[in-house]
Structure formats: structure tokens, C-alpha cells
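Single-structure report; data block below.
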Amino acid sequence: TATTETRAFEAEVAQVLHLVTHSLYSHKEIFLRELVSNASDALDKLRFESIADPSLLAGDGELHIDISVDEAARTVTIRDNGIGMSRQEVVANIGTIASSGTRRFLEAMAQDAKADARLIGQFGVGFYSAFVVADRVTVLTRRAGAGASGGVKWESDGQGQYTLEQVELPERGTAVVLHLKADEDEFLKAWTLRSLVHRYSEHIAFPIRMPKDAGDDEGATPEWETVNAASALWTLPKSEISAEDYQGFYKSLGHDFNDALAWSHNRVEGNQSFTTLLYLPAQPPFDLMMGGRDERKGVKLYIKRVFVMDAAEELLPNYLRFVRGVVDADDLPLNVSRELLQHNRQLDRIKASCVKRVLDLVETLARDEPEKFATFIKAFGNTLKEGIVEDPSNRERIAKLLRFASTRGDGASKSVSLDDYIGRMAEGQDTIWYVTAETHAAAAGSPQLEAFKARDIEVLLMSDRIDEWMLGSLREYDGKRLQHVAKGELPLDEAGKQKQEEAAKAAEPLLARIKSLLGERVEDVRVSARLTDSPSCLALADHDMAPHFARLLREAGQ
Ligand code: ADP
Ligand code: MG
């Protein structure tokens with residue numbers, strides 16, 4: 001007995017629906033990419049599960065995605081013969097907001113009224129994007145392994161409620177039927193859909209099929225033709241892949257609809273063989289902007305072309321979490337679990353290789369493509385700094401890539417490398433000097449700099465929150481000590497030393513008086529060569545924390 005059940009969306013789903021439909025109007029076509037990518041995920045899941053249980057394929061092992069149009073009914077249908085969903089799964093997956101990423105997204109949107117389509121595009125709006133072009137969406141789905149009567153029909157107008165019904169479905173998999181809004185007729189045109197497939201889904205690894213143009217032969221059952229390249233792009237030789245192909249594949253990964261900044265594609269042959277195709281985005285992806293460190297996504301692990309899982313955390317360290325791409329390993333067991341991956345020696349080697357490739361790529365940009373490198377530093381420079389602490393084995397390489405503002409740089413712009421600094425050091429200088437503060441203006445205006453300016457010694461100006469933490473692990477670079485300007489001895493020549501001793505003697509009575517006034521509040525009061533214009537400043541002993549860092553810790557309740 002087929003009963004129809006009506007349910008309400010979670011409050012947050014209604015919110016997402018509202019935001020998506022109101023923000024994506026200039027990128028409506030995104031719905032197709034999202035639905036095709038879901039279909040592709042469903043095919044990946046079926047292929048993976050069928051390794052352990054081949055009966056799931058039920059004699060239909062040719063996995064594909066079909067897109068068709070019914071002009072009379074004004075519908076577009078995206079159908080896959082993938083894993084499908086049970087009733088419970090439908091409720092869990094498309095009636096609620098499962099991912100904490102979506103919740104963060106909502107918070108961000110609520111805070112920033114101007115949050116735009118770019119943000120949504122990077123975030124990946126998923127299934128709900130269907131409602132950008134449709135005023136009613138029907139999902140017909142049957143889980144692989146379930147019988148014909150195990151079909152489920154889900155339907156909604158995107159206004160807060162949906163219906164669920166048990167139905168007979170002859171085949172496994174999922175069909176999403178979009179009942180187009182009145183003014184969305186362009187998506188009924190086959191060539192519009194085809195060009196969108198080319199733009200966004202060309203390198204989905206499964207065939208995307210559309211009906212062949214039947215010509216005059218109305219009423220004939222349509223023949224299907226594949227309209228995408230359907231190649232696992234990373235398996236092709238580099239010489240056969242154009243820059244456009246690489247960019248297209250990047251977009252089909254589904255995290256960004258802007259072009260990637262750069263990529264690195266490599267095949268490692270040997271007793272352990274694997275392929276990596278890794279991309280640097282041009283802008284921080286949504287999760288990174290939110291400082292979200294949980295649920296890292298974006299690097300897919302394949303084993304011999306079979307998608308196994310999103311394994312960003314297993315394949316790349318945290319400080320490279322902005323990297324996107326694919327790793328395809330030949331020799332890992334297909335039944336590998338996440339737990340196993342975390343303690344897998346082979347995977348450790350692949351991970352080390354991924355890190356090397358990414359650093360190579362960034363080095364190449366630094367050397368050959370200054371503009372792209374500047375874009376990279378602007379977007380990810382601070383994230384990369386985490387690597388100084390997290391990855392001691394690559395510390396020197398990472399330090400070489402960092403860029404800072406400096407008293408000899410160009411205002412607040414971060415463009416000075418440690419090598420630039422060393423190249424400009426005076427004869428005999430063995431220390432890289434820096435100052436840290438909460439803002440660039442405070443760093444640049446610090447009275448601590450006076451003596452350095454007077455002696456024409458360059459000082460790096462650090463004002464990012466992460467700098468102090470990073471500097472705790474960056475004591476040395478290329479044999480030179482890094483030192484805060486408020487610490488240690490200033491470099492003085494002989495004449496300077498003598499002058500200072502004389503000054504100290506002359507000031508002795510004054511110092512004694514100041515010390516007795518300040519008492520316990522200071523450790524010592526000294527005559528200093530640090531200042532030229534200001535009468536006094538606070539200085540730190542070598543073991544002291546920089547003042548603004550001490551303040552940060554206090555703020556954090558430490
Ligand atoms: P995401 O793909 O990021 O998980 P979506 O909103 O695109 O988010 O999809 C939500 C969930 O709905 C998917 O995770 C999946 O479980 C389910 N789903 C969507 N489309 C399909 C499909 N064609 N076949 C099977 N499951 C699907
Ligand atoms: Mg999706």
C-alpha cells in the first residue's frame with residue numbers, strides 16, 4: 001500500500017534553500033555540475049561496494065549518467081545507475097543538513113550580507129542547487145541490492161516540506177527530475193546542457209550520455225551518445241592533456257568554479273607506483289577562510305582508478321590543506337580503511353611525495369611566475385607558515401618560500417624573502433632581525449626600530465597572528481640567527497661601544513633613582529643604544545615572550 005508521508009525540512013535546510021536560490025542567480029547553471037557530481041559519487045560508491053559484493057551490480061556493470069529533457073513536461077532528468085538510496089538514506093541525506101561545513105557556511109552567510117555567489121560556488125551547494133532552476137524536484141531512487149518494490153519517491157517544491165512515497169522502480173540508482181521554473185527554458189535545449197557538461201563535467205570518470213538527435217524520426221526510442229571525455233584524466237600522458245583539460249578537471253572536482261592557479265601532475269614508477277595530480281587554488285576555499293580544520297576534503301584517493309575515499313588528511317599535512325586533487329595508487333589493498341591508512345607505510349611514502357611535489361610547484365612559481373607566486377602568498381602564505389612548526393623536515397624549504405614586510409620592503413606588502421634579507425646584510429652581520437606586533441603600523445612604528453634605522457640595518461616587520469608561534473620554531477635560517485629587535489645585544493662598532501660605556505657611567509645616578517622608583521616592576525634599568533629619538537623603551541631578556549604574544553596568550557586564557 002503506497003502511502004504518502006509529508007515531512008518538514010529541518011529549519012536549516014529551509015535557510016540553505018533560501019540562501020542558495022537567492023545568491024546563485026548569476027550562476028544558475030551550477031545545478032548541473034552539482035547533480036552530475038552526485039551521480040558520479042553514487043557510481044563511485046557502487047563500484048567500490050561491488051568489489052566486496054559483486055551481486056550489487058546485478059548484471060548491469062556499465063556505469064553511466066544519463067541526462068534527458070522532456071520539452072512537453074518541461075523537465076530535465078539526471079539519472080545514474082549507481083548506489084541509490086534507501087528510504088532512511090533519503091531522509092538522512094536530503095532532508096537534513098549532515099555536514100558541519102554547511103552549518104559553518106550558514107553562519108558565515110548570516111554574518112556577511114554581501115557573501116556572494118563566489119563563496120557559494122567554492123563551498124559547493126550540492127543537491128539544493130536544483131531549486132535554483134526548478135520549482136519542483138522529484139527524486140526516484142532505489143538502493144543497489146534492494147528489490148523493485150524498494151523504490152522511494154521524494155518530492156518537494158523547496159518551500160519547507162517534502163513528501164516520501166514507496167514506489168516500484170525497475171532499476172537501481174537515482175533519477176533527479178527537475179520541473180523547470182517558468183523562465184528557465186534555456187535548460188530545455190540540448191545544446192545548452194551539452195555545453196555545460198563540457199564546461200563543468202568533461203572529466204568525470206564515467207560516461208555522461210544524452211539522446212542522439214533523432215532528426216525527423218519522431219517517436220523512435222532514442223539512442224544514447226556519450227557527450228563527455230569520460231577519461232580518468234590523471235591516467236593520460238601529460239603530453240595529451242591541454243591546460244584547458246587540466247582546468248576543466250579541476251572544476252569537476254567540485255570545490256571551486258574559478259581556474260586553478262597551478263598544478264603538478266606526476267607518475268612515480270617503481271616497486272611502489274602511483275600517480276598524483278595536485279592543484280593550487282587561486283583563492284582560499286571556503287573552509288580555509290573559516291579556519292575550519294575538521295572535515296578536510298579535496299584530495300581523492302583512488303586505487304587503480306577506483307575511487308576509495310576523500311583522504312586529504314591522510315595524504316597531505318595540515319599546512320597544505322588548501323591543495324586539491326587526486327592520488328591514484330597501484331599497490332594499496334582496495335579494502336583499505338581509514339584506520340589502516342593512518343598507519344600505512346606505503347601511504348607515508350605517497351604523502352611525503354605529495355608534500356615534495358607541492359613544495360616543488362610553489363618553488364617553480366616563486367622562480368618563474370612572480371605574479372602567480374604573489375597570488376599564492378596572498379592566499380596561502382599564512383597557512384604555509386604553519387609548516388615551519390608542523391614539518392621540521394621541510395623547515396628550510398618552507399622558510400625559503402615565505403615573504404615578509406620589511407623596513408626595506410614596499411610598505412605593508414609581503415614581498416621580502418629571507419634570502420633577500422641575507423643578500424642585503426652588511427659585512428659581519430650574523431643576525432636576521434625582526435619585530436612582531438599586532439598590526440603592520442605598530443610594527444613599522446615601533447620605537448625598537450630607531451637604533452636599527454640609525455645603523456641602516458633592515459628589520460622584518462611581522463604582524464600576522466601566526467608569526468610569533470612560527471618564529472618559536474624558526475630560530476635559524478641559512479646559518480643566521482633570527483632575533484627579535486627587543487632581545488639580545490645590538491651590533492655596535494668600537495667607537496659605539498666606547499660611547500655607550502661613557503654614557504652609562506654618566507647616567508648611573510639617574511638609573512639608580514629610576515630603579516628605586518620602579519622597584520619590583522622591572523628586572524633592570526640600563527642605558528641603551530637602541531633609541532635615538534624616544535627617551536626610553538621596554539626591552540626583553542632573551543627568555544622573555546614578545547609583549548603582544550604574551551597578551552595573545554592572556555586573551556586565550558592561558
Ligand atoms: P555532498 O555531495 O557534498 O555530500 P549534496 O547536497 O550534493 O552533498 O548531496 C547530499 C547527499 O545526498 C549525498 O552525500 C548523497 O548521500 C545523497 N545523494 C545525492 N545525490 C545522490 C545520487 N544521485 N545517488 C545517491 N545518493 C545521492
Ligand atoms: Mg554533491
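By convention here, the chains of the C-alpha cells are called A, B, ... in the order presented, each chain's residues are numbered starting at 1, and ligands are numbered starting at 1 in the order presented.
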Env of stretch 235-244 of chain A: 9 Å cut, atoms = only C-alpha atoms, seq-sep filter 3 positions within chain, self excluded. Answer as a VMD selection string.
chain A and resid 231 to 232 247 to 249 265 to 267 275 305 328
Grab me every residue within 9 Å of ligand 1, counting only C-alpha atoms and all ligand atoms, and send it over as a ChimeraX atom specification.
/A:34-43,45,78-85,89-90,92-95,97-99,124-129,139,141-143,173-176,254
Fewer than 2 positions away in the same chain doesn't count, so skip those; otherwise give me all residues within 8 Å of A:Ala399, counting only C-alpha atoms, as a ChimeraX atom specification.
/A:385,388,395-397,401-402,418,477
For A:Val167, list every protein, DNA or RNA residue within 12 Å, evaluated using only C-alpha atoms, and leave out those in the same chain fewer than 4 positions away; present the list as a list in words.
Thr1, Ala2, Thr3, Thr4, Ser86, Arg87, Val139, Leu140, Thr141, Arg142, Gly147, Ala148, Ser149, Gly150, Gly151, Val152, Lys153, Trp154 and Glu171 of chain A
Give me, as a PDB file with C-alpha atoms, in the first residue's frame, all polymer residues having an atom no more than 12 Å from A:Pro509, counting only C-alpha atoms and skipping those fewer than 5 positions away in the same chain.
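Okay, this is what ended up in part20.pdb:
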```
ATOM      1  CA  ALA A 503      77.039  57.321  28.651  1.00  0.00           C
ATOM      2  CA  ALA A 504      76.311  54.518  31.094  1.00  0.00           C
ATOM      3  CA  ILE A 514      64.607  55.225  38.336  1.00  0.00           C
ATOM      4  CA  LYS A 515      65.263  51.731  39.682  1.00  0.00           C
ATOM      5  CA  SER A 516      64.242  52.734  43.171  1.00  0.00           C
ATOM      6  CA  VAL A 525      67.191  49.599  34.098  1.00  0.00           C
ATOM      7  CA  ARG A 526      70.007  50.135  31.636  1.00  0.00           C
ATOM      8  CA  VAL A 527      71.430  52.700  29.318  1.00  0.00           C
TER       9      VAL A 527
END
```
Quick one: residues within 7 Å of A:Ser273, only C-alpha atoms counted, chain neighbours fewer than 3 positions away excluded, as a PyMOL selection string?
chain A and resi 268-270+329-331
Output of the above residues as a PDB file, in the first residue's frame, restricted to N, CA and C atoms:
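Full text of part_7.pdb as output:
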```pdb
ATOM      1  N   VAL A 268      54.856   8.159 -10.547  1.00  0.00           N
ATOM      2  CA  VAL A 268      56.035   7.554  -9.931  1.00  0.00           C
ATOM      3  C   VAL A 268      56.007   6.070 -10.232  1.00  0.00           C
ATOM      4  N   GLU A 269      57.056   5.561 -10.883  1.00  0.00           N
ATOM      5  CA  GLU A 269      57.124   4.133 -11.171  1.00  0.00           C
ATOM      6  C   GLU A 269      58.177   3.520 -10.260  1.00  0.00           C
ATOM      7  N   GLY A 270      57.988   2.277  -9.888  1.00  0.00           N
ATOM      8  CA  GLY A 270      58.988   1.632  -9.044  1.00  0.00           C
ATOM      9  C   GLY A 270      58.341   0.490  -8.319  1.00  0.00           C
ATOM     10  N   ALA A 329      46.836   5.173  -6.403  1.00  0.00           N
ATOM     11  CA  ALA A 329      47.903   4.254  -6.019  1.00  0.00           C
ATOM     12  C   ALA A 329      47.646   2.887  -6.626  1.00  0.00           C
ATOM     13  N   ASP A 330      48.698   2.232  -7.089  1.00  0.00           N
ATOM     14  CA  ASP A 330      48.533   0.923  -7.711  1.00  0.00           C
ATOM     15  C   ASP A 330      48.528  -0.210  -6.698  1.00  0.00           C
ATOM     16  N   ASP A 331      49.212   0.011  -5.571  1.00  0.00           N
ATOM     17  CA  ASP A 331      49.532  -1.146  -4.734  1.00  0.00           C
ATOM     18  C   ASP A 331      48.848  -1.204  -3.381  1.00  0.00           C
TER      19      ASP A 331
END
```
Using only C-alpha atoms, find the one residue out of A:Ala374, A:Met470, A:Glu458, A:Asp256 that sits nearest to A:Ile398.
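Closest to A:Ile398, using only C-alpha atoms: A:Met470.
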Going by DSSP on the backbone, which bits of stretch 370-494 of chain A are alpha helix (DSSP H)? Write them as a PyMOL selection string, please.
chain A and resi 370-390+395-401+418-424+440-444+450-454+467-471+494
